[in-house]
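Source file: query.cif; contents: mmCIF, C-alpha atoms.
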data_structure
loop_
_atom_site.label_atom_id
_atom_site.label_comp_id
_atom_site.auth_asym_id
_atom_site.auth_seq_id
_atom_site.Cartn_x
_atom_site.Cartn_y
_atom_site.Cartn_z
CA MET A 271 49.00 69.27 240.71
CA LYS A 272 46.01 67.54 239.22
CA VAL A 273 42.60 69.01 238.40
CA SER A 274 39.97 66.80 236.82
CA VAL A 275 36.32 67.48 235.98
CA GLN A 276 34.78 64.16 235.08
CA ALA A 277 31.57 62.12 234.94
CA GLN A 278 33.12 58.92 236.31
CA ASP A 279 33.74 58.02 239.95
CA PHE A 280 37.19 58.22 241.57
CA ASP A 281 39.22 56.12 244.00
CA ALA A 282 40.01 58.52 246.87
CA GLY A 283 42.44 56.08 248.49
CA ALA A 284 44.45 55.63 245.30
CA GLU A 285 44.51 59.41 244.73
CA MET A 286 45.83 60.00 248.25
CA ARG A 287 48.46 57.29 248.01
CA ALA A 288 49.65 58.92 244.78
CA LEU A 289 50.22 62.16 246.72
CA SER A 290 52.43 60.56 249.37
CA ARG A 291 55.08 58.97 247.14
CA ASP A 292 57.54 61.81 247.66
CA PRO A 293 59.45 61.05 250.91
CA LYS A 294 59.41 64.78 251.76
CA VAL A 295 55.60 64.60 252.15
CA GLY A 296 54.64 64.23 255.80
CA ALA A 297 50.91 64.95 255.60
CA VAL A 298 48.05 64.39 253.17
CA ALA A 299 44.77 66.06 254.14
CA SER A 300 41.64 65.32 252.15
CA PHE A 301 37.96 66.09 251.84
CA VAL A 302 35.36 63.99 249.99
CA GLY A 303 31.92 65.46 249.31
CA VAL A 304 29.12 62.89 249.09
CA VAL A 305 25.53 63.08 247.77
CA ARG A 306 23.13 63.28 250.71
CA GLU A 307 19.57 61.91 250.69
CA THR A 308 18.38 62.92 247.21
CA GLY A 309 19.86 62.30 243.81
CA MET A 310 20.93 65.22 241.65
CA THR A 311 22.34 66.30 238.34
CA LEU A 312 25.42 68.50 238.29
CA GLU A 313 25.83 70.97 235.44
CA HIS A 314 29.09 72.82 234.84
CA TYR A 315 30.73 75.30 232.47
CA PRO A 316 33.27 73.24 230.49
CA GLY A 317 36.55 75.09 230.19
CA MET A 318 35.89 77.66 232.87
CA THR A 319 35.45 74.95 235.50
CA GLU A 320 38.96 73.55 235.02
CA ARG A 321 40.36 77.07 234.82
CA ALA A 322 38.61 78.17 238.03
CA LEU A 323 39.80 75.10 239.94
CA ALA A 324 43.39 75.57 238.73
CA LYS A 325 43.28 79.21 239.87
CA ILE A 326 42.04 78.19 243.32
CA VAL A 327 44.86 75.64 243.63
CA GLU A 328 47.38 78.33 242.58
CA GLU A 329 45.98 80.69 245.23
CA ALA A 330 46.40 77.95 247.88
CA ARG A 331 50.01 77.36 246.77
CA GLY A 332 50.72 81.04 247.31
CA ARG A 333 49.45 80.90 250.89
CA TRP A 334 50.66 77.55 252.21
CA GLN A 335 53.38 75.03 251.57
CA VAL A 336 51.58 72.74 249.13
CA MET A 337 53.84 70.03 247.72
CA ASP A 338 51.15 68.41 245.61
CA CYS A 339 47.40 68.59 245.27
CA THR A 340 44.55 66.73 243.57
CA VAL A 341 41.09 68.16 242.90
CA ILE A 342 38.47 65.97 241.23
CA HIS A 343 34.88 67.14 240.72
CA ARG A 344 32.19 65.08 239.04
CA PHE A 345 29.30 66.22 236.85
CA GLY A 346 26.20 64.53 235.46
CA ALA A 347 23.64 62.37 237.26
CA LEU A 348 24.59 61.35 240.83
CA LYS A 349 22.65 59.31 243.37
CA PRO A 350 22.68 59.25 247.19
CA THR A 351 26.03 58.07 248.63
CA ASP A 352 27.87 58.83 245.36
CA GLN A 353 31.11 60.78 245.72
CA ILE A 354 30.94 64.30 244.23
CA VAL A 355 34.27 65.94 244.93
CA LEU A 356 37.76 65.15 246.22
CA VAL A 357 40.29 67.70 247.44
CA ALA A 358 43.57 66.21 248.67
CA VAL A 359 46.65 68.23 249.63
CA ALA A 360 50.15 66.97 250.36
CA SER A 361 52.53 68.97 252.51
CA ALA A 362 55.44 68.42 254.88
CA HIS A 363 53.26 69.05 257.94
CA ARG A 364 49.57 68.81 258.79
CA GLY A 365 48.93 72.51 259.43
CA ASP A 366 49.50 73.53 255.83
CA ALA A 367 47.74 70.45 254.47
CA PHE A 368 44.58 70.99 256.58
CA ALA A 369 44.39 74.73 255.88
CA ALA A 370 44.99 74.47 252.14
CA CYS A 371 42.43 71.66 251.83
CA GLU A 372 39.74 73.65 253.65
CA PHE A 373 40.55 76.82 251.70
CA ILE A 374 40.32 75.04 248.33
CA MET A 375 36.97 73.53 249.30
CA ASP A 376 35.57 76.88 250.54
CA TYR A 377 36.66 78.68 247.38
CA LEU A 378 35.44 75.88 245.13
CA LYS A 379 31.97 76.25 246.70
CA THR A 380 31.71 79.92 245.69
CA GLN A 381 33.98 80.23 242.62
CA ALA A 382 33.80 77.03 240.56
CA PRO A 383 30.93 77.06 238.04
CA PHE A 384 28.89 74.02 239.06
CA TRP A 385 25.13 73.93 239.65
CA LYS A 386 23.14 71.20 241.38
CA LYS A 387 19.64 70.28 240.28
CA GLU A 388 17.48 67.98 242.40
CA ALA A 389 14.00 66.61 241.65
CA ALA A 390 12.53 69.66 243.44
CA GLY A 391 14.52 72.09 241.25
CA TRP A 392 17.81 73.97 241.21
CA VAL A 393 19.63 74.09 244.54
CA GLU A 394 19.91 77.65 245.93
CA ALA A 395 23.33 79.00 246.87
CA LYS A 396 23.83 79.28 250.63
CA ALA A 397 24.91 82.44 252.46
CA ALA A 398 26.93 80.18 254.80
CA ASP A 399 29.14 79.19 251.84
CA ASP A 400 29.87 82.86 251.05
CA LYS A 401 30.73 83.40 254.72
CA ALA A 402 33.05 80.40 254.73
CA ALA A 403 34.94 81.77 251.72
CA GLU A 404 35.02 85.31 253.17
CA ARG A 405 37.03 84.32 256.23
CA TRP A 406 40.10 83.61 254.07
CA LYS A 407 40.20 87.17 252.72
CA MET B 73 30.49 94.30 217.66
CA LYS B 74 29.85 90.59 218.13
CA VAL B 75 30.07 88.80 221.48
CA ARG B 76 29.28 85.24 222.47
CA VAL B 77 26.83 84.99 225.37
CA LEU B 78 26.32 81.79 227.39
CA PHE B 79 23.68 80.84 229.97
CA PHE B 80 23.81 78.08 232.55
CA ALA B 81 21.54 76.19 234.94
CA ALA B 82 18.21 77.90 235.82
CA LEU B 83 19.03 80.84 233.55
CA ARG B 84 19.57 78.53 230.56
CA GLU B 85 16.19 76.90 231.23
CA GLN B 86 14.34 80.19 231.70
CA LEU B 87 15.75 81.61 228.46
CA GLY B 88 15.40 78.36 226.55
CA THR B 89 18.91 78.62 225.09
CA PRO B 90 22.47 77.70 226.14
CA GLY B 91 23.75 80.79 224.37
CA GLU B 92 24.22 82.60 221.10
CA GLU B 93 26.33 85.02 219.11
CA VAL B 94 24.92 88.55 219.56
CA GLU B 95 25.55 91.77 217.71
CA VAL B 96 25.65 94.60 220.25
CA PRO B 97 25.84 98.37 219.72
CA ALA B 98 29.21 100.02 220.42
CA GLY B 99 27.86 101.64 223.61
CA VAL B 100 27.45 98.24 225.25
CA ALA B 101 30.91 98.03 226.75
CA THR B 102 30.42 96.41 230.18
CA VAL B 103 28.86 93.26 231.61
CA ALA B 104 26.08 95.36 233.21
CA ALA B 105 25.33 97.11 229.91
CA LEU B 106 25.20 93.78 228.10
CA ARG B 107 22.77 92.45 230.70
CA SER B 108 20.51 95.51 230.18
CA HIS B 109 20.77 95.11 226.42
CA LEU B 110 19.60 91.48 226.62
CA ARG B 111 16.91 92.32 229.18
CA ALA B 112 15.42 94.85 226.74
CA ARG B 113 14.36 91.94 224.52
CA GLY B 114 11.40 91.62 226.92
CA GLY B 115 9.43 88.47 227.81
CA ALA B 116 11.53 85.72 229.40
CA TRP B 117 14.63 87.95 229.03
CA GLN B 118 13.04 90.73 231.03
CA LEU B 119 12.13 88.28 233.81
CA ALA B 120 15.27 86.14 233.93
CA LEU B 121 17.68 89.10 233.83
CA ALA B 122 15.55 91.48 235.94
CA ASP B 123 17.32 93.99 238.19
CA GLY B 124 17.77 92.59 241.65
CA LYS B 125 18.04 88.98 240.45
CA LEU B 126 21.28 87.54 241.74
CA ILE B 127 23.27 86.65 238.63
CA ARG B 128 26.98 85.92 238.43
CA THR B 129 28.97 86.64 235.31
CA ALA B 130 32.21 85.56 233.71
CA VAL B 131 34.17 87.17 230.88
CA ASN B 132 36.36 84.79 228.89
CA GLN B 133 35.93 82.16 231.62
CA ASP B 134 37.02 84.32 234.55
CA MET B 135 34.54 85.53 237.16
CA ALA B 136 33.76 89.20 236.40
CA GLN B 137 32.02 92.10 238.13
CA PRO B 138 29.17 94.03 236.43
CA THR B 139 31.63 96.84 235.72
CA ALA B 140 34.02 94.55 233.79
CA ALA B 141 34.74 95.56 230.20
CA VAL B 142 33.28 93.62 227.27
CA LYS B 143 35.10 93.70 223.93
CA ALA B 144 34.38 92.28 220.49
CA GLY B 145 34.83 88.52 220.39
CA ASP B 146 34.52 88.06 224.17
CA GLU B 147 32.70 85.11 225.71
CA VAL B 148 30.35 86.42 228.40
CA ALA B 149 28.52 83.93 230.62
CA PHE B 150 25.53 84.62 232.86
CA PHE B 151 24.57 82.15 235.58
CA PRO B 152 23.06 81.81 239.07
CA PRO B 153 25.37 81.72 242.12
CA VAL B 154 27.28 78.44 241.96
CA THR B 155 26.34 75.39 244.04
CA GLY B 156 29.05 72.77 243.48
CA GLY B 157 31.15 70.86 245.96
#
Here is the file; what I need is its structure written in the form of structure tokens.
Amino acid sequence: MKVSVQAQDFDAGAEMRALSRDPKVGAVASFVGVVRETGMTLEHYPGMTERALAKIVEEARGRWQVMDCTVIHRFGALKPTDQIVLVAVASAHRGDAFAACEFIMDYLKTQAPFWKKEAAGWVEAKAADDKAAERWK
Amino acid sequence: MKVRVLFFAALREQLGTPGEEVEVPAGVATVAALRSHLRARGGAWQLALADGKLIRTAVNQDMAQPTAAVKAGDEVAFFPPVTGG
């Protein structure tokens, strides 16, 4: 399991290949979040961020068969088309990989202490994100 | 008792500080009570921490409800709902 909160970019392909080295892995599902239209700065709570992400990954492992998992989230100044976040989950079969990946992303959106600031100001939290996280309860 | 308070994002900007060590009276034993205690400073504190403003909190780097206990030496963070991902 790998959790990284970092300023630098990541290679999603390399991260996914690293998750499929175990011959028992039959599926790697992933999500990459990308900056849309306007640049932004991402602030986070050092220490808690890593802790919150690790807890979300643990929760996913308790619900699905997760053989390995990588979560990378960037902070700092990002411009349109930049990658923001990667969640990749390895499992024996696609069902667990897809579900765990979506769950981690939904929980990350409401539980991990990151805040986006655009030129127009701080981005408001969306009720749709709370709803998305609620359905896993 | 002494607690460490931290502020992030819009709250940090409104209060003009990323955080501080505060001495709080013994009666201030929950997150909600600590919020009221800080709000009583008036001015920007009154506005930024006003009742009804949606603020999330964490105690020792775990998300915490307003009813969560606060003890001496704790790190208590106040911040707007998160917007990562």
Exercise for the section: Quick one: everything within 8 Å of stretch 279-292 of chain A, counting all atoms listed in the file, minus sequence neighbours fewer than 3 positions away in the same chain. Send it as a list in words. Expected result: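 Residues near the query, excluding close chain neighbours: Gln276, Val295, Gly296, Ala297, Val298, Ser300, Val302, Asp338, Cys339, Thr340, Ile342, Arg344, Gln353, Leu356, Ala358, Val359 and Ala360 of chain A.
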Write a file of the selected residues as a PDB file, keeping the file's coordinate frame, keeping C-alpha atoms.
ATOM      1  CA  GLN A 276      34.780  64.160 235.080  1.00  0.00           C
ATOM      2  CA  VAL A 295      55.600  64.600 252.150  1.00  0.00           C
ATOM      3  CA  GLY A 296      54.640  64.230 255.800  1.00  0.00           C
ATOM      4  CA  ALA A 297      50.910  64.950 255.600  1.00  0.00           C
ATOM      5  CA  VAL A 298      48.050  64.390 253.170  1.00  0.00           C
ATOM      6  CA  SER A 300      41.640  65.320 252.150  1.00  0.00           C
ATOM      7  CA  VAL A 302      35.360  63.990 249.990  1.00  0.00           C
ATOM      8  CA  ASP A 338      51.150  68.410 245.610  1.00  0.00           C
ATOM      9  CA  CYS A 339      47.400  68.590 245.270  1.00  0.00           C
ATOM     10  CA  THR A 340      44.550  66.730 243.570  1.00  0.00           C
ATOM     11  CA  ILE A 342      38.470  65.970 241.230  1.00  0.00           C
ATOM     12  CA  ARG A 344      32.190  65.080 239.040  1.00  0.00           C
ATOM     13  CA  GLN A 353      31.110  60.780 245.720  1.00  0.00           C
ATOM     14  CA  LEU A 356      37.760  65.150 246.220  1.00  0.00           C
ATOM     15  CA  ALA A 358      43.570  66.210 248.670  1.00  0.00           C
ATOM     16  CA  VAL A 359      46.650  68.230 249.630  1.00  0.00           C
ATOM     17  CA  ALA A 360      50.150  66.970 250.360  1.00  0.00           C
TER      18      ALA A 360
END
Taking all atoms listed in the file into account, produce a table as JSON lines in which each residue of chain B with an atom at most 10 Å from an atom of chain A appears once, together with its shortest atom pair and the distance in Å to one decimal, ordered by chain and rising number.
{"residue": "B:Leu78", "atom": "CA", "partner": "A:Tyr315", "partner_atom": "CA", "distance": 9.3}
{"residue": "B:Phe79", "atom": "CA", "partner": "A:Tyr315", "partner_atom": "CA", "distance": 9.3}
{"residue": "B:Phe80", "atom": "CA", "partner": "A:Tyr315", "partner_atom": "CA", "distance": 7.5}
{"residue": "B:Ala81", "atom": "CA", "partner": "A:Trp385", "partner_atom": "CA", "distance": 6.3}
{"residue": "B:Ala82", "atom": "CA", "partner": "A:Trp392", "partner_atom": "CA", "distance": 6.7}
{"residue": "B:Arg128", "atom": "CA", "partner": "A:Pro383", "partner_atom": "CA", "distance": 9.7}
{"residue": "B:Ala130", "atom": "CA", "partner": "A:Met318", "partner_atom": "CA", "distance": 8.8}
{"residue": "B:Val131", "atom": "CA", "partner": "A:Met318", "partner_atom": "CA", "distance": 9.9}
{"residue": "B:Asn132", "atom": "CA", "partner": "A:Met318", "partner_atom": "CA", "distance": 8.2}
{"residue": "B:Gln133", "atom": "CA", "partner": "A:Met318", "partner_atom": "CA", "distance": 4.7}
{"residue": "B:Asp134", "atom": "CA", "partner": "A:Met318", "partner_atom": "CA", "distance": 7.0}
{"residue": "B:Met135", "atom": "CA", "partner": "A:Gln381", "partner_atom": "CA", "distance": 7.6}
{"residue": "B:Ala149", "atom": "CA", "partner": "A:Tyr315", "partner_atom": "CA", "distance": 9.1}
{"residue": "B:Phe151", "atom": "CA", "partner": "A:Pro383", "partner_atom": "CA", "distance": 8.5}
{"residue": "B:Pro152", "atom": "CA", "partner": "A:Trp385", "partner_atom": "CA", "distance": 8.2}
{"residue": "B:Pro153", "atom": "CA", "partner": "A:Ala395", "partner_atom": "CA", "distance": 5.8}
{"residue": "B:Val154", "atom": "CA", "partner": "A:Trp385", "partner_atom": "CA", "distance": 5.5}
{"residue": "B:Thr155", "atom": "CA", "partner": "A:Trp385", "partner_atom": "CA", "distance": 4.8}
{"residue": "B:Gly156", "atom": "CA", "partner": "A:Phe384", "partner_atom": "CA", "distance": 4.6}
{"residue": "B:Gly157", "atom": "CA", "partner": "A:Lys379", "partner_atom": "CA", "distance": 5.5}
Exercise for the section: For B:Glu92, work out the shell of residues within 8 Å, counting only C-alpha atoms and skipping chain neighbours fewer than 3 positions away, then give it as a ChimeraX atom specification. Expected result: /B:76-78,89
Practice task
To one decimal in Å, tell me the separation between atom CA of B:Gly91 and atom CA of B:Gly124.
Solution key: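 Between atom CA of B:Gly91 and atom CA of B:Gly124 the gap works out to 21.8 Å.
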Problem - Point-to-point distance from atom CA of A:Trp406 to atom CA of A:Phe373, Å rounded to tenths - result: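 These atoms are spaced 7.2 Å apart.
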Exercise for the section: Please check which residues have atoms at most 12 Å from (37.1, 94.4, 220.2) in the file's coordinates, counting all atoms listed in the file, and write them as a PyMOL selection string. Expected result: chain B and resi 73-75+96-98+100-101+141-147
Take the residues from that selection and write them out as a compact mmCIF listing (two decimals), in the frame of the given file, keeping C-alpha atoms.
# COMPACT_ATOMS: atom_id res chain seq x y z
CA MET B 73 30.49 94.30 217.66
CA LYS B 74 29.85 90.59 218.13
CA VAL B 75 30.07 88.80 221.48
CA VAL B 96 25.65 94.60 220.25
CA PRO B 97 25.84 98.37 219.72
CA ALA B 98 29.21 100.02 220.42
CA VAL B 100 27.45 98.24 225.25
CA ALA B 101 30.91 98.03 226.75
CA ALA B 141 34.74 95.56 230.20
CA VAL B 142 33.28 93.62 227.27
CA LYS B 143 35.10 93.70 223.93
CA ALA B 144 34.38 92.28 220.49
CA GLY B 145 34.83 88.52 220.39
CA ASP B 146 34.52 88.06 224.17
CA GLU B 147 32.70 85.11 225.71
Handout entry: Residues selected by the PyMOL selection byres ((chain B and resi 103) around 6), written as a ChimeraX atom specification
Key = /B:102,104-106,138,140
I need the chosen residues saved as a PDB file, in the coordinates of the input, with C-alpha atoms.
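Contents of out.pdb, freshly written:
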ATOM      1  CA  THR B 102      30.420  96.410 230.180  1.00  0.00           C
ATOM      2  CA  ALA B 104      26.080  95.360 233.210  1.00  0.00           C
ATOM      3  CA  ALA B 105      25.330  97.110 229.910  1.00  0.00           C
ATOM      4  CA  LEU B 106      25.200  93.780 228.100  1.00  0.00           C
ATOM      5  CA  PRO B 138      29.170  94.030 236.430  1.00  0.00           C
ATOM      6  CA  ALA B 140      34.020  94.550 233.790  1.00  0.00           C
TER       7      ALA B 140
END
Any chance you could model N, CA and C atoms for stretch 77-113 of chain B and send them as a compact mmCIF listing (two decimals), keeping the file's coordinate frame?
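Listing of part.txt after writing:
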# COMPACT_ATOMS: atom_id res chain seq x y z
N VAL B 77 27.41 85.04 224.03
CA VAL B 77 26.83 84.99 225.37
C VAL B 77 26.43 83.54 225.69
N LEU B 78 26.64 83.14 226.94
CA LEU B 78 26.32 81.79 227.39
C LEU B 78 25.45 81.87 228.64
N PHE B 79 24.56 80.89 228.79
CA PHE B 79 23.68 80.84 229.97
C PHE B 79 23.74 79.44 230.56
N PHE B 80 23.73 79.39 231.90
CA PHE B 80 23.81 78.08 232.55
C PHE B 80 22.70 77.89 233.59
N ALA B 81 22.44 76.62 233.87
CA ALA B 81 21.54 76.19 234.94
C ALA B 81 20.14 76.81 234.78
N ALA B 82 19.58 77.39 235.86
CA ALA B 82 18.21 77.90 235.82
C ALA B 82 18.04 78.97 234.75
N LEU B 83 19.09 79.76 234.54
CA LEU B 83 19.03 80.84 233.55
C LEU B 83 18.90 80.27 232.12
N ARG B 84 19.64 79.20 231.86
CA ARG B 84 19.57 78.53 230.56
C ARG B 84 18.15 78.00 230.32
N GLU B 85 17.56 77.44 231.37
CA GLU B 85 16.19 76.90 231.23
C GLU B 85 15.17 78.01 231.03
N GLN B 86 15.30 79.09 231.80
CA GLN B 86 14.34 80.19 231.70
C GLN B 86 14.39 80.86 230.32
N LEU B 87 15.59 80.94 229.76
CA LEU B 87 15.75 81.61 228.46
C LEU B 87 15.58 80.65 227.29
N GLY B 88 15.59 79.35 227.60
CA GLY B 88 15.40 78.36 226.55
C GLY B 88 16.56 78.27 225.57
N THR B 89 17.74 78.71 225.98
CA THR B 89 18.91 78.62 225.09
C THR B 89 20.21 78.54 225.91
N PRO B 90 21.18 77.75 225.44
CA PRO B 90 22.47 77.70 226.14
C PRO B 90 23.36 78.89 225.77
N GLY B 91 22.95 79.63 224.75
CA GLY B 91 23.75 80.79 224.37
C GLY B 91 23.65 81.10 222.89
N GLU B 92 24.28 82.18 222.50
CA GLU B 92 24.22 82.60 221.10
C GLU B 92 25.28 83.67 220.82
N GLU B 93 25.46 83.93 219.56
CA GLU B 93 26.33 85.02 219.11
C GLU B 93 25.42 86.25 219.03
N VAL B 94 25.78 87.36 219.68
CA VAL B 94 24.92 88.55 219.56
C VAL B 94 25.70 89.74 219.03
N GLU B 95 25.00 90.51 218.24
CA GLU B 95 25.55 91.77 217.71
C GLU B 95 25.10 92.86 218.66
N VAL B 96 26.03 93.54 219.31
CA VAL B 96 25.65 94.60 220.25
C VAL B 96 26.18 95.95 219.79
N PRO B 97 25.41 97.02 220.10
CA PRO B 97 25.84 98.37 219.72
C PRO B 97 27.15 98.73 220.44
N ALA B 98 27.90 99.64 219.88
CA ALA B 98 29.21 100.02 220.42
C ALA B 98 29.12 100.51 221.87
N GLY B 99 28.01 101.10 222.25
CA GLY B 99 27.86 101.64 223.61
C GLY B 99 27.80 100.57 224.69
N VAL B 100 27.56 99.33 224.28
CA VAL B 100 27.45 98.24 225.25
C VAL B 100 28.85 97.71 225.54
N ALA B 101 29.49 98.30 226.55
CA ALA B 101 30.91 98.03 226.75
C ALA B 101 31.23 97.37 228.09
N THR B 102 30.19 97.09 228.90
CA THR B 102 30.42 96.41 230.18
C THR B 102 29.45 95.24 230.34
N VAL B 103 29.73 94.40 231.31
CA VAL B 103 28.86 93.26 231.61
C VAL B 103 27.45 93.76 231.96
N ALA B 104 27.38 94.82 232.80
CA ALA B 104 26.08 95.36 233.21
C ALA B 104 25.30 95.89 232.01
N ALA B 105 25.99 96.56 231.10
CA ALA B 105 25.33 97.11 229.91
C ALA B 105 24.83 95.99 229.00
N LEU B 106 25.61 94.92 228.92
CA LEU B 106 25.20 93.78 228.10
C LEU B 106 23.95 93.11 228.69
N ARG B 107 23.94 93.02 230.03
CA ARG B 107 22.77 92.45 230.70
C ARG B 107 21.53 93.29 230.40
N SER B 108 21.64 94.62 230.48
CA SER B 108 20.51 95.51 230.18
C SER B 108 20.07 95.36 228.73
N HIS B 109 21.06 95.26 227.85
CA HIS B 109 20.77 95.11 226.42
C HIS B 109 19.94 93.84 226.16
N LEU B 110 20.32 92.75 226.80
CA LEU B 110 19.60 91.48 226.62
C LEU B 110 18.22 91.55 227.28
N ARG B 111 18.16 92.20 228.44
CA ARG B 111 16.91 92.32 229.18
C ARG B 111 15.87 93.09 228.36
N ALA B 112 16.32 94.02 227.54
CA ALA B 112 15.42 94.85 226.74
C ALA B 112 14.69 94.05 225.66
N ARG B 113 15.08 92.79 225.47
CA ARG B 113 14.36 91.94 224.52
C ARG B 113 12.95 91.62 225.02
